[in-house]
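A.B. asks: I have a structure I would like to understand better, so I am pasting it below and will then ask my questions one at a time.
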Amino acid sequence: MTDVLERPLHLEEPDHHEHHGPSGLLKWLTTTDHKVIGLSYTVTSVILLVIGGAFAEIIRAQLASPNGTLVSLAQYNELFTMHGSVMIYLFAGPFAFGGLANIIVPIQVGAPDMAFPRLNALSYWLYLTGSITMLLGFFTAGGAANFGWVAYAPLSNSINTPGAGADLWIGGLLLTGFSAIFTGVNLVATIFYLRAPGMTMFRMPIFTWNMLVTAILILLAFPVLTAGLIMLYADRHFGTHIFSVAGGGVPVLWQHIFWFWGHPEVYILALPFFGMATEIFAVFSRKPVFGYKGMIFATITIAALSLGVWAHHMFTTGVVLLPFFSIMSLLIAVPTGIKIFNWIGTMWRGQVWFSTAMLMAIGFLVTFLVGGLTGVYLASPPLDFFTHDTYFVVAHFHSVVMALVLAGMGGLYYWGPKVTGYMLNERIGKIQFWFLFVGTQVFTMPLYLVGLRGMPRRMAIYPHDPQWKFLNDVSSLGAVLIGISTILFVVNLVVSWKKYPAGDNPWDAQTLEWFTTSPPPHHNFYRLPPIRSERPTWDYNHPEHHAVPHGQHVEPVLTTGESK
Amino acid sequence: MRRAAALPLAALALSGCTVPTFGASAGDTTSSRSVYHLWQGFSIGAAIIGTLVLVLLAWAILRYRRKGDAIPTQYQYHIPLELTYTIVPILIVFGLFAATMVVENKEVANPPTKVTIDVNAFQWGWKFSYPGTNAVVVGQTTQTPVMVMPVNTDVHINLTSTDVIHGFYVKAFNFSRYALPGIDNQFTFRAVNTGTFFGQCTQLCGLYHSLMFFKVKVVSASAYQTWLAGFTNSAAAQAAAAAQAGQSATYVPTKVTNSSGVK
Ligand code: HEM
Ligand SMILES: [Cu+2]
Ligand SMILES: [Cu+2]
């Protein structure tokens, strides 16, 4: 055990608990408290999840019959573009690193706030304005952006996509991109400089570790996207020819830039949710994270590999068929597999408590397993030639992203009580889980099959083939089940509103955020426990139950602890 | 477990007739068959690993469900176990990679051949021209142009695009490739069966992307020669083609729904 200089760990509880300052709307507008900003992020991103989900439901309704007439061809292109864009740019990332991470990471490391609170507020306002900017496209004459969420050149140039919707898409994405970069800076600085005494790097919870790695990936990847978007805008409006053949440019360059950001982005989205699931598995198995250090090295390995695989999205361009990209992509399966086995190892010989959060985490594991295994196929160029741009790919990434939604829901059920002070209804939560989990499989499985039978993605109408129609109908049914699960979540929020007080540590959890009150006070802590492992709260509450090192069955003496 | 790494290779070696299809099909070119066997190999690996994980998970769920307030022993590390599930997957990955490279090298090889077809994609149709002959076929959206090619012959495809990126995809060949502006994409098909196969643009290319169909008709060598010979008046064919291609910017299909039964 490392020796850490002791500091007084009890701060005097101030007489006036409450922070003095403006209240109500003005407080919200001017706040720099990471918890309030994080909550704004969470609420905004969940609203955007519902909006993106509504687009998806319209898409699925259109595809329920081959010659769907619900929307026009043009509207359909706008819908899947904005569905993908809202979900990836405006929901998944901001929910994870702007929302939960913003709230939880400072508390997990024992910090009073983020390192740069005002920058944090700026992130949120950039995110909100960026999101609104992008969605405003629907109110322009030409409609919203319609070139897919990847905006491939030259389809995205001013000749093929002249409308203002495309420019609003670029502008909105620039703004949210900056908000992501600022949050990344903030997370890195907070984690490196604001940890409480005793909180060494290898005592940080996995969620915090994953957010550190995510933040570093953000800093490496997002500036590239920003640069690319500026080039795209310049091509559209300033007469440059970076991506146009006519002016001596190279369209495929856009794909390189986009995916150089885009593949790390996949892990920028995934790692936070892996972190959420990891915490949930440990707490609800009443055990430490199995293979804690292996887990961290797996995360770092994934992040490192993710920077060298972008061209696996471009195999069918025929211009980047280097074996390098294939083997690097295949290798990502290894650290990912380590994580999966570690999650099961965490449950192994535990006392598994099937709360809603735990069910969501298990649902995440199963769904992610499917997405991960099908991803391995796509790392093999010949199999990618066969399935690229068919519904097989749509199914693959929806297995992944729906797994993330499951983990995110788990995160809300798990940390919600800490943030609000109130629990959500567990019974409704479990029903919601079953709708979401079953719905996800019913929605994705037929898409794998219809993709293998040759149905391309981004088709507003498709040839009438009884098999294709049947599989699409089943998939649409799954989308309905997912929609019901979303409604159940909203119902739960209403039903449970301020009803079930949570207490400080309702789950007998392990990490620092469960040591403080729910919700935490303005600067998070009045006192801290000694931090002698990655589970300070657990050590404090269960001084007899330290982690058992491999091969050792004697309890090591770690800390004197404090009496309760 | 070590044997798992060799499985995809073994599956490749097998004829594949007893191995399940895993949703794919062998297709109608030499490459499509290799791809199919590779598919089966990957699927066997995925099935084994997937089953293993699900069984372990099911066991954890059933066996370790909470039974009371007792706190379980706080096991955290098992280094040999962790090393096992690091090293074995690495071996499997190298197996998959080796199998991938075998198939890929075969698939992207461009053996010399006498038959070449220039495929040009445009918004929203296809133009198939046969260099050295008079044959040109052009068709937009629901007109579904047909690319005719001989069976059991290496056919060299030279794929280009006039405007945006399109995707040249023939399901029965288990193959797709982007048609990129400014780049000549080259590959070779060797069809092993005659028949008419469904093709479609797979890369989003604008408004009528979902209507950009074509067909591939594989015929016997003699039928192919007869078909080529049918294109006598080269000037007329070229003019017609140019006229049609020129419409593309303003072209609006009369019928936007397709139920022509193409498959
Ligand atoms: C309610 C659950 C969902 C349903 C029913 C759904 C449905 C769909 C469908 C049918 C498509 C294909 C459209 C087409 O190719 O024609 C699609 C595309 C897409 N979805 Fe989802 N989706 C859901 C959730 C999500 C989530 C949670 C994410 C990400 C976090 C996501 C990200 C995407 C992306 C990136 C695309 C590609 C858009 C494009 O082709 O440009 N989806 N979705
Ligand atoms: Cu990728
Ligand atoms: Cu197209």
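For the structure tokens, the naming scheme is as follows: chains receive sequential letters (A, B, ...) according to their order of presentation, residues are indexed from 1 within each chain, and ligands are indexed from 1 in presentation order.
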Need the shell around Val151 of chain B: protein/DNA/RNA residues with any atom at most 8 Å away, counting only C-alpha atoms. Skip same-chain ones fewer than 6 positions apart. Format as a ChimeraX atom specification?
C.D. replies: /B:190-194,218-221
A.B. asks: Hey, which residues sit close to ligand 1? Say within 6 Å, counting only C-alpha atoms and all ligand atoms, and write them as a list in words.
C.D. replies: Gly53, Ala56, Glu57, Ile59, Arg60, Phe80, Thr81, Gly84, Met87, Ile88, Ala92, Gly148, Trp149, His398, Val401, Met402, Arg457, Arg458, Met459, Ala479 and Ile482 of chain A
A.B. asks: I need the chosen residues saved as a PDB file, in the first residue's frame, with N, CA, C and O atoms.
C.D. replies:
```pdb
ATOM      1  N   GLY A  53     -35.448   9.113 -31.241  1.00  0.00           N
ATOM      2  CA  GLY A  53     -36.257   7.891 -31.233  1.00  0.00           C
ATOM      3  C   GLY A  53     -37.535   8.080 -32.026  1.00  0.00           C
ATOM      4  O   GLY A  53     -37.973   7.182 -32.759  1.00  0.00           O
ATOM      5  N   ALA A  56     -36.812   7.639 -35.516  1.00  0.00           N
ATOM      6  CA  ALA A  56     -36.633   6.208 -35.801  1.00  0.00           C
ATOM      7  C   ALA A  56     -37.983   5.519 -35.946  1.00  0.00           C
ATOM      8  O   ALA A  56     -38.163   4.660 -36.817  1.00  0.00           O
ATOM      9  N   GLU A  57     -38.947   5.906 -35.105  1.00  0.00           N
ATOM     10  CA  GLU A  57     -40.263   5.267 -35.197  1.00  0.00           C
ATOM     11  C   GLU A  57     -40.914   5.601 -36.541  1.00  0.00           C
ATOM     12  O   GLU A  57     -41.564   4.752 -37.156  1.00  0.00           O
ATOM     13  N   ILE A  59     -39.271   6.231 -39.301  1.00  0.00           N
ATOM     14  CA  ILE A  59     -38.530   5.426 -40.279  1.00  0.00           C
ATOM     15  C   ILE A  59     -39.089   4.015 -40.307  1.00  0.00           C
ATOM     16  O   ILE A  59     -39.375   3.446 -41.361  1.00  0.00           O
ATOM     17  N   ARG A  60     -39.271   3.436 -39.124  1.00  0.00           N
ATOM     18  CA  ARG A  60     -39.741   2.042 -39.059  1.00  0.00           C
ATOM     19  C   ARG A  60     -41.170   1.937 -39.580  1.00  0.00           C
ATOM     20  O   ARG A  60     -41.545   0.929 -40.188  1.00  0.00           O
ATOM     21  N   PHE A  80     -33.469   9.835 -41.744  1.00  0.00           N
ATOM     22  CA  PHE A  80     -32.407   8.962 -41.214  1.00  0.00           C
ATOM     23  C   PHE A  80     -31.133   9.751 -40.948  1.00  0.00           C
ATOM     24  O   PHE A  80     -30.379   9.421 -40.029  1.00  0.00           O
ATOM     25  N   THR A  81     -30.929  10.823 -41.732  1.00  0.00           N
ATOM     26  CA  THR A  81     -29.767  11.666 -41.446  1.00  0.00           C
ATOM     27  C   THR A  81     -29.887  12.287 -40.064  1.00  0.00           C
ATOM     28  O   THR A  81     -28.958  12.238 -39.251  1.00  0.00           O
ATOM     29  N   GLY A  84     -29.726   9.622 -37.167  1.00  0.00           N
ATOM     30  CA  GLY A  84     -28.355   9.226 -36.851  1.00  0.00           C
ATOM     31  C   GLY A  84     -27.587  10.371 -36.200  1.00  0.00           C
ATOM     32  O   GLY A  84     -26.889  10.181 -35.206  1.00  0.00           O
ATOM     33  N   MET A  87     -28.823  11.084 -32.612  1.00  0.00           N
ATOM     34  CA  MET A  87     -28.453  10.011 -31.685  1.00  0.00           C
ATOM     35  C   MET A  87     -26.956  10.021 -31.378  1.00  0.00           C
ATOM     36  O   MET A  87     -26.543   9.899 -30.232  1.00  0.00           O
ATOM     37  N   ILE A  88     -26.134  10.160 -32.397  1.00  0.00           N
ATOM     38  CA  ILE A  88     -24.693  10.063 -32.179  1.00  0.00           C
ATOM     39  C   ILE A  88     -24.137  11.369 -31.618  1.00  0.00           C
ATOM     40  O   ILE A  88     -23.442  11.374 -30.603  1.00  0.00           O
ATOM     41  N   ALA A  92     -25.838  10.391 -27.503  1.00  0.00           N
ATOM     42  CA  ALA A  92     -24.992   9.390 -26.830  1.00  0.00           C
ATOM     43  C   ALA A  92     -23.770  10.003 -26.153  1.00  0.00           C
ATOM     44  O   ALA A  92     -23.508   9.742 -24.976  1.00  0.00           O
ATOM     45  N   GLY A 148     -26.992  11.785 -44.936  1.00  0.00           N
ATOM     46  CA  GLY A 148     -26.545  10.751 -44.004  1.00  0.00           C
ATOM     47  C   GLY A 148     -25.728  11.386 -42.894  1.00  0.00           C
ATOM     48  O   GLY A 148     -25.221  12.503 -43.045  1.00  0.00           O
ATOM     49  N   TRP A 149     -25.591  10.686 -41.791  1.00  0.00           N
ATOM     50  CA  TRP A 149     -24.890  11.309 -40.660  1.00  0.00           C
ATOM     51  C   TRP A 149     -23.397  11.439 -40.935  1.00  0.00           C
ATOM     52  O   TRP A 149     -22.690  12.124 -40.222  1.00  0.00           O
ATOM     53  N   HIS A 398     -26.684  -1.053 -34.356  1.00  0.00           N
ATOM     54  CA  HIS A 398     -27.788  -0.869 -33.404  1.00  0.00           C
ATOM     55  C   HIS A 398     -27.688  -1.830 -32.232  1.00  0.00           C
ATOM     56  O   HIS A 398     -28.115  -1.492 -31.132  1.00  0.00           O
ATOM     57  N   VAL A 401     -25.325   0.300 -30.146  1.00  0.00           N
ATOM     58  CA  VAL A 401     -25.846   1.527 -29.535  1.00  0.00           C
ATOM     59  C   VAL A 401     -27.032   1.230 -28.616  1.00  0.00           C
ATOM     60  O   VAL A 401     -27.209   1.912 -27.607  1.00  0.00           O
ATOM     61  N   MET A 402     -27.824   0.212 -28.947  1.00  0.00           N
ATOM     62  CA  MET A 402     -28.913  -0.110 -28.022  1.00  0.00           C
ATOM     63  C   MET A 402     -28.353  -0.691 -26.732  1.00  0.00           C
ATOM     64  O   MET A 402     -28.930  -0.511 -25.660  1.00  0.00           O
ATOM     65  N   ARG A 457     -29.091  -0.271 -46.895  1.00  0.00           N
ATOM     66  CA  ARG A 457     -29.614   0.703 -45.950  1.00  0.00           C
ATOM     67  C   ARG A 457     -30.031   1.967 -46.686  1.00  0.00           C
ATOM     68  O   ARG A 457     -29.758   2.130 -47.873  1.00  0.00           O
ATOM     69  N   ARG A 458     -30.673   2.866 -45.980  1.00  0.00           N
ATOM     70  CA  ARG A 458     -31.080   4.182 -46.488  1.00  0.00           C
ATOM     71  C   ARG A 458     -31.987   4.081 -47.716  1.00  0.00           C
ATOM     72  O   ARG A 458     -31.830   4.797 -48.696  1.00  0.00           O
ATOM     73  N   MET A 459     -32.946   3.142 -47.627  1.00  0.00           N
ATOM     74  CA  MET A 459     -33.903   2.931 -48.710  1.00  0.00           C
ATOM     75  C   MET A 459     -35.273   3.365 -48.222  1.00  0.00           C
ATOM     76  O   MET A 459     -35.819   2.747 -47.314  1.00  0.00           O
ATOM     77  N   ALA A 479     -39.333  -2.040 -32.791  1.00  0.00           N
ATOM     78  CA  ALA A 479     -39.231  -0.595 -32.553  1.00  0.00           C
ATOM     79  C   ALA A 479     -40.401  -0.106 -31.715  1.00  0.00           C
ATOM     80  O   ALA A 479     -40.250   0.770 -30.862  1.00  0.00           O
ATOM     81  N   ILE A 482     -39.638  -0.896 -28.145  1.00  0.00           N
ATOM     82  CA  ILE A 482     -38.665   0.058 -27.606  1.00  0.00           C
ATOM     83  C   ILE A 482     -39.365   1.381 -27.290  1.00  0.00           C
ATOM     84  O   ILE A 482     -39.125   1.994 -26.249  1.00  0.00           O
TER      85      ILE A 482
END
```
A.B. asks: Which residues are near Gly411 of chain A? Cut-off 10 Å, only C-alpha atoms, ignore same chain within fewer than 3 positions. Put them as a PDB file with N, CA and C atoms, in the first residue's frame.
C.D. replies:
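To be explicit, this is the file written out as around-v8.pdb:
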```pdb
ATOM      1  N   ALA A  96     -23.308  10.894 -21.954  1.00  0.00           N
ATOM      2  CA  ALA A  96     -22.277  10.213 -21.164  1.00  0.00           C
ATOM      3  C   ALA A  96     -21.280  11.199 -20.581  1.00  0.00           C
ATOM      4  N   LEU A 100     -23.719  12.299 -17.162  1.00  0.00           N
ATOM      5  CA  LEU A 100     -23.337  11.506 -15.989  1.00  0.00           C
ATOM      6  C   LEU A 100     -21.898  11.753 -15.560  1.00  0.00           C
ATOM      7  N   PHE A 273     -20.105   4.201 -21.211  1.00  0.00           N
ATOM      8  CA  PHE A 273     -21.170   3.252 -20.865  1.00  0.00           C
ATOM      9  C   PHE A 273     -20.580   1.948 -20.327  1.00  0.00           C
ATOM     10  N   GLY A 275     -18.034   1.968 -18.522  1.00  0.00           N
ATOM     11  CA  GLY A 275     -17.737   2.352 -17.142  1.00  0.00           C
ATOM     12  C   GLY A 275     -18.971   2.258 -16.258  1.00  0.00           C
ATOM     13  N   MET A 276     -20.095   2.750 -16.768  1.00  0.00           N
ATOM     14  CA  MET A 276     -21.333   2.677 -15.981  1.00  0.00           C
ATOM     15  C   MET A 276     -21.659   1.237 -15.655  1.00  0.00           C
ATOM     16  N   ALA A 277     -21.614   0.377 -16.675  1.00  0.00           N
ATOM     17  CA  ALA A 277     -21.963  -1.028 -16.466  1.00  0.00           C
ATOM     18  C   ALA A 277     -21.000  -1.658 -15.463  1.00  0.00           C
ATOM     19  N   GLU A 279     -19.416  -0.321 -12.912  1.00  0.00           N
ATOM     20  CA  GLU A 279     -19.773   0.058 -11.538  1.00  0.00           C
ATOM     21  C   GLU A 279     -21.001  -0.721 -11.076  1.00  0.00           C
ATOM     22  N   ILE A 280     -21.983  -0.822 -11.984  1.00  0.00           N
ATOM     23  CA  ILE A 280     -23.234  -1.486 -11.607  1.00  0.00           C
ATOM     24  C   ILE A 280     -22.977  -2.967 -11.315  1.00  0.00           C
ATOM     25  N   THR A 356     -33.248  -2.894 -11.062  1.00  0.00           N
ATOM     26  CA  THR A 356     -33.410  -2.444 -12.454  1.00  0.00           C
ATOM     27  C   THR A 356     -32.054  -2.123 -13.068  1.00  0.00           C
ATOM     28  N   ALA A 357     -31.210  -1.426 -12.280  1.00  0.00           N
ATOM     29  CA  ALA A 357     -29.905  -1.058 -12.823  1.00  0.00           C
ATOM     30  C   ALA A 357     -29.118  -2.304 -13.232  1.00  0.00           C
ATOM     31  N   MET A 358     -29.160  -3.339 -12.395  1.00  0.00           N
ATOM     32  CA  MET A 358     -28.405  -4.549 -12.701  1.00  0.00           C
ATOM     33  C   MET A 358     -28.992  -5.250 -13.928  1.00  0.00           C
ATOM     34  N   MET A 360     -30.481  -3.854 -16.381  1.00  0.00           N
ATOM     35  CA  MET A 360     -30.061  -3.062 -17.538  1.00  0.00           C
ATOM     36  C   MET A 360     -28.609  -3.404 -17.900  1.00  0.00           C
ATOM     37  N   ALA A 361     -27.765  -3.565 -16.868  1.00  0.00           N
ATOM     38  CA  ALA A 361     -26.365  -3.868 -17.146  1.00  0.00           C
ATOM     39  C   ALA A 361     -26.226  -5.249 -17.791  1.00  0.00           C
ATOM     40  N   VAL A 405     -27.649   2.253 -24.793  1.00  0.00           N
ATOM     41  CA  VAL A 405     -28.871   2.814 -24.208  1.00  0.00           C
ATOM     42  C   VAL A 405     -29.247   2.026 -22.954  1.00  0.00           C
ATOM     43  N   LEU A 406     -29.131   0.699 -23.032  1.00  0.00           N
ATOM     44  CA  LEU A 406     -29.433  -0.128 -21.851  1.00  0.00           C
ATOM     45  C   LEU A 406     -28.512   0.256 -20.690  1.00  0.00           C
ATOM     46  N   ALA A 407     -27.209   0.352 -20.959  1.00  0.00           N
ATOM     47  CA  ALA A 407     -26.273   0.709 -19.896  1.00  0.00           C
ATOM     48  C   ALA A 407     -26.582   2.103 -19.361  1.00  0.00           C
ATOM     49  N   GLY A 408     -26.929   3.029 -20.270  1.00  0.00           N
ATOM     50  CA  GLY A 408     -27.242   4.392 -19.851  1.00  0.00           C
ATOM     51  C   GLY A 408     -28.466   4.429 -18.955  1.00  0.00           C
ATOM     52  N   TYR A 414     -29.207   3.811 -11.400  1.00  0.00           N
ATOM     53  CA  TYR A 414     -28.201   3.646 -10.358  1.00  0.00           C
ATOM     54  C   TYR A 414     -27.831   4.984  -9.727  1.00  0.00           C
ATOM     55  N   TRP A 415     -27.521   5.999 -10.546  1.00  0.00           N
ATOM     56  CA  TRP A 415     -27.040   7.271 -10.009  1.00  0.00           C
ATOM     57  C   TRP A 415     -28.143   8.295  -9.803  1.00  0.00           C
ATOM     58  N   GLY A 416     -29.313   8.056 -10.449  1.00  0.00           N
ATOM     59  CA  GLY A 416     -30.422   8.994 -10.283  1.00  0.00           C
ATOM     60  C   GLY A 416     -30.659   9.348  -8.817  1.00  0.00           C
TER      61      GLY A 416
END
```
A.B. asks: For chain B against ligand 3, with a cut-off of 7 Å and counting only C-alpha atoms and all ligand atoms, what is the closest atom pair and its distance in Å to one decimal for every residue that makes the cut, ordered by chain and number, as a tab-separated table?
C.D. replies:
```
residue	atom	partner	partner_atom_place_in_ligand_line	distance
B:His166	CA	ligand 3	1 (Cu)	4.9
B:Gly167	CA	ligand 3	1 (Cu)	6.3
B:Cys201	CA	ligand 3	1 (Cu)	4.4
B:Thr202	CA	ligand 3	1 (Cu)	5.4
B:Gln203	CA	ligand 3	1 (Cu)	4.7
B:Leu204	CA	ligand 3	1 (Cu)	4.4
B:Cys205	CA	ligand 3	1 (Cu)	4.0
B:Gly206	CA	ligand 3	1 (Cu)	6.7
B:His209	CA	ligand 3	1 (Cu)	3.9
B:Ser210	CA	ligand 3	1 (Cu)	6.6
B:Met212	CA	ligand 3	1 (Cu)	6.1
```
A.B. asks: Between atom CA of Leu81 of chain B and atom CA of Ile300 of chain A, what distance in Å does the model show, to one decimal?
C.D. replies: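 The value is 20.1 Å.
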A.B. asks: Find the residues of chain B in contact range of chain A, meaning any atom within 7 Å when counting only C-alpha atoms, and list them as a VMD selection string.
C.D. replies: chain B and resid 23 to 24 35 39 42 46 57 60 64 to 67 71 to 72 74 to 78 85 to 86 89 to 90 93 97 100 103 to 104 164 171 174 to 178 181 to 182 185 202 to 205 207 210 257 to 259 261 to 262
A.B. asks: Using only C-alpha atoms for the distances, tell me which of A:Met409, A:Ala141, A:Val109, A:Leu29 is nearest to Ala196 of chain A.
C.D. replies: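 Looking at the shortest contact to Ala196 of chain A, the residue is A:Val109.
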A.B. asks: Around ligand 2, which protein and nucleic acid residues have at least one atom no more than 7 Å from it, if we count only C-alpha atoms and all ligand atoms? List them as a ChimeraX atom specification.
C.D. replies: /A:262-263,266,309-310,312-313
A.B. asks: Taking only segment 117-363 of chain A into account, list the residues labelled helix (DSSP H, G or I) by DSSP (computed from the backbone), as a count of residues only.
C.D. replies: 180
A.B. asks: Please provide as a PyMOL selection string all residues within 10 Å of Ile487 of chain A, with the sequence filter that same-chain residues fewer than 5 positions apart are discarded (counting only C-alpha atoms).
C.D. replies: chain A and resi 50+432+481-482+492-493
A.B. asks: Suppose we keep N, CA and C atoms; can you now write the selection as a PDB file, in the first residue's frame?
C.D. replies:
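Output saved as selection_24.pdb:
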```pdb
ATOM      1  N   VAL A  50     -35.290  11.062 -27.084  1.00  0.00           N
ATOM      2  CA  VAL A  50     -36.701  10.850 -27.426  1.00  0.00           C
ATOM      3  C   VAL A  50     -36.982  11.404 -28.827  1.00  0.00           C
ATOM      4  N   GLN A 432     -39.997  -1.750 -17.731  1.00  0.00           N
ATOM      5  CA  GLN A 432     -39.314  -0.969 -18.776  1.00  0.00           C
ATOM      6  C   GLN A 432     -38.134  -1.761 -19.330  1.00  0.00           C
ATOM      7  N   LEU A 481     -41.934  -1.887 -29.394  1.00  0.00           N
ATOM      8  CA  LEU A 481     -41.649  -2.286 -28.009  1.00  0.00           C
ATOM      9  C   LEU A 481     -40.661  -1.308 -27.365  1.00  0.00           C
ATOM     10  N   ILE A 482     -39.638  -0.896 -28.145  1.00  0.00           N
ATOM     11  CA  ILE A 482     -38.665   0.058 -27.606  1.00  0.00           C
ATOM     12  C   ILE A 482     -39.365   1.381 -27.290  1.00  0.00           C
ATOM     13  N   ASN A 492     -42.468   6.446 -15.255  1.00  0.00           N
ATOM     14  CA  ASN A 492     -41.767   6.209 -13.996  1.00  0.00           C
ATOM     15  C   ASN A 492     -41.296   7.521 -13.377  1.00  0.00           C
ATOM     16  N   LEU A 493     -40.772   8.401 -14.216  1.00  0.00           N
ATOM     17  CA  LEU A 493     -40.317   9.694 -13.695  1.00  0.00           C
ATOM     18  C   LEU A 493     -41.469  10.423 -13.021  1.00  0.00           C
TER      19      LEU A 493
END
```
A.B. asks: Find the spatial neighbours of Val138 of chain B, counting only C-alpha atoms, within a cut-off of 7 Å - ignore same-chain residues fewer than 5 positions away - and output them as a ChimeraX atom specification.
C.D. replies: /B:126-128,145,241
A.B. asks: Store the residues picked out above in a file with C-alpha atoms, as an mmCIF file, in the first residue's frame.
C.D. replies:
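File written: selection07.cif
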```cif
data_model
loop_
_atom_site.group_PDB
_atom_site.id
_atom_site.type_symbol
_atom_site.label_atom_id
_atom_site.label_comp_id
_atom_site.auth_asym_id
_atom_site.auth_seq_id
_atom_site.Cartn_x
_atom_site.Cartn_y
_atom_site.Cartn_z
ATOM 1 C CA TRP B 126 -25.876 2.857 -64.576
ATOM 2 C CA LYS B 127 -24.025 2.714 -67.848
ATOM 3 C CA PHE B 128 -22.332 -0.517 -68.888
ATOM 4 C CA PRO B 145 -30.305 -1.659 -66.960
ATOM 5 C CA ALA B 241 -26.566 6.654 -74.396
#
```
A.B. asks: Write out as a PyMOL selection string each polymer residue whose atoms come within 9 Å of Gln510 of chain A, counting only C-alpha atoms; drop sequence neighbours fewer than 5 positions from it.
C.D. replies: chain A and resi 279+282-283+286+288+515+534-539+541
